[in-house]
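A quick write-up on the structure given underneath.
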Amino acid sequence: MFVKHGMNSGFSSLASSAVLRRQQFLIRSLKGYSVSDNIRMEAVKCLSGGASLEANAESVLRTITPSLDPTRHKGQAGKIAVIGGCREYTGAPYFAAISALKIGADLSHVFCTEGAATVIKSYSPELIVHPILEESYNISGVNDEGKRDISKKILSEFDKWMERFDCLVVGPGLGRDPFLLECVSKIMTRARQSNVPIVVDGDGLFLVTNSIELVSGYRLAVLTPNVNEYKRLVQKVLGCDVNDQNTHGELLSLSKQIGGVTILRKGKFDLISDGEKVQSVSIYGSPRRCGGQGDILSGSVAVFLSWARQCNSAAERESTISRTNPTVLGCIAGSALLRKAAALAFEHKKRSTLTTDIIEHLGQRYTLLS
Ligand SMILES: NC(=O)C1=CN([C@@H]2O[C@H](COP(=O)(O)OP(=O)(O)OC[C@H]3O[C@@H](n4cnc5c(N)ncnc54)[C@H](OP(=O)(O)O)[C@@H]3O)[C@@H](O)[C@H]2O)[C@@H](O)CC1
Ligand SMILES: Nc1ncnc2c1ncn2[C@@H]1O[C@H](COP(=O)(O)OP(=O)(O)OP(=O)(O)O)[C@@H](O)[C@H]1O
Ligand SMILES: [Mg+2]
């Protein structure tokens with residue numbers, strides 16, 4: 001009897017703690033922040049080795065998102081291009097490009113190799129896919145002059161479109177083929193000359209880490225390194241190993257050293273800096289670490305930074321937010337939205353949560369916010 005009672009009370013306390021957890025989750029989901037968030041933010045300060053300024057992501061999201069105005073024409077809510085997709089990877093560029101659309105961009109392009117293009121097109125009819133990139137294995141019999149011609153052709157194909165884009169995402173599933181990366185370097189240089197913002201992720205970071213001049217001093221560039229990519233960047237640019245005791249100082253130095261480029265350091269909490277200050281986004285996310293979440297993030301940052309730039313020119317933004325660099329605002333909004341969508345997806349799918357599940361929640365989370 002006693003044992004039974006004990007078991008029952010155990011079950012009921014388990015059940016009530018589950019209800020409590022669920023309630024806390026819903027409060028977090030609806031309000032964005034809660035008492036436990038505040039505690040976590042304090043923890044962020046301690047863990048991240050410096051005074052962290054938790055970004056007011058909710059307010060940023062609300063402020064930079066354009067209204068669904070019936071007078072606006074197709075394209076005004078954003079035209080994004082993802083440069084990525086090769087023999088090995090077709091998922092990453094798809095995740096980045098489709099996320100941009102799900103968040104609210106009007107058009108999303110993918111520039112990839114021919115083999116990847118057919119696959120990416122078959123994932124979605126919504127994407128505009130350009131099979132223009134070439135990998136070395138495909139042109140192995142071609143001499144140097146022939147390769148130069150191919151490179152020129154790729155660049156001129158890209159040039160036809162470039163001025164129309166509000167932002168490029170370079171790197172998701174790009175691969176590391178030397179010929180392909182050389183062509184992508186030229187595309188980046190051309191984008192920079194035309195003042196098109198560039199979000200660099202995945203293998204784009206491999207390229208940039210080895211040729212930092214591609215982004216150095218370009219204030220419209222955003223780097224979104226994960227743990228490994230950040231380590232390589234710090235080693236190359238600062239010439240030392242990552243120092244977890246000085247996270248903020250290190251991120252500030254890294255950004256300054258690359259000429260004020262915005263860096264979003266991904267991890268348990270995301271840290272963002274353009275060399276002026278460090279902001280964090282530590283909104284509750286998901287314990288699932290399935291591949292592809294960084295790809296969603298890169299596509300999201302591209303859309304939000306484009307919107308933040310539009311707000312800037314229209315002087316529509318609140319005063320505190322209007323003083324913030326649009327690339328930083330894009331990172332804050334992208335990080336917050338991904339983490340919230342991941343939390344919602346995990347609520348439904350638990351351990352079987354996949355990147356496609358998170359993408360399905362991008363819009364839902366967003367509806368809750370607006
Ligand atoms: N579906 C697709 O098409 C996807 C394609 N993707 C594309 O893949 C390309 C390469 O990107 P990447 O992220 O795999 O390369 P990188 O960061 O060098 O990691 C390499 C290895 O490092 C390890 N490792 C990882 N994290 C760690 C940690 N915290 N601490 C310690 N170790 C850690 C781990 O290996 P492990 O040591 O566990 O065997 C990991 O596998 C790029 O183009 C990207 O866009 C992805 O977007 C995913 C979805
Ligand atoms: N330990 C963690 N806890 C909670 N969220 C995390 C954790 N690590 C990463 N994230 C979140 O997941 C997002 C993607 O980060 P991640 O480090 O997985 O990128 P990635 O390795 O580039 O992903 P991908 O597989 O797409 O290449 C980040 O924005 C971050 O908010
Ligand atoms: Mg990645």
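If you're wondering about the labels, chains in the structure tokens are A, B, ... by order shown, residues count from 1 in each chain, ligands from 1 in order shown.
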
Find the residues of chain A that sit at most 6 Å from ligand 3; for each, write down the nearest two atoms and how far apart they are in Å, to one decimal. Count only C-alpha atoms and all ligand atoms. Sort by chain, then by number going up, and give it as CSV.
```
residue,atom,partner,partner_atom_place_in_ligand_line,distance
A:Gly202,CA,ligand 3,1 (Mg),4.4
A:Gly294,CA,ligand 3,1 (Mg),4.7
A:Asp295,CA,ligand 3,1 (Mg),5.9
```

Show me which residues sit within 9 Å of ligand 2 when counting only C-alpha atoms and all ligand atoms, and put them as a PyMOL selection string.
-> chain A and resi 92+95-96+172-173+201-202+224-229+264-270+281-298+334-336+338-339+342+355

Filtered DSSP result for segment 99-181 of chain A, state helix (DSSP H, G or I), as an NGL selection string = :A and (99-103 or 114-123 or 136-139 or 144-162 or 178-181)

Name the residues in contact with Lys152 of chain A at a cut-off of 12 Å, using only C-alpha atoms, excluding same-chain residues fewer than 4 positions from it; report them as a list in words.
->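 Everything that qualifies: Ile132, Leu133, Glu134, Glu145, Gly146, Lys147, Arg148, Ser156, Glu157, Phe158, Asp159, Glu182, Cys183, Val184, Lys186 and Ile187 of chain A.
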
Closest to ligand 1 among A:Ala333, A:Ala105, A:Leu181, A:Val196, using only C-alpha atoms and all ligand atoms?
->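 Checking each of A:Ala333, A:Ala105, A:Leu181, A:Val196 against ligand 1, counting only C-alpha atoms and all ligand atoms, the winner is A:Leu181.
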
Which residues in segment 178-292 of chain A does DSSP call strand (DSSP E)? List them as a VMD selection string.
-> chain A and resid 198 to 200 221 to 223 262 to 265 270 to 273 278 to 281
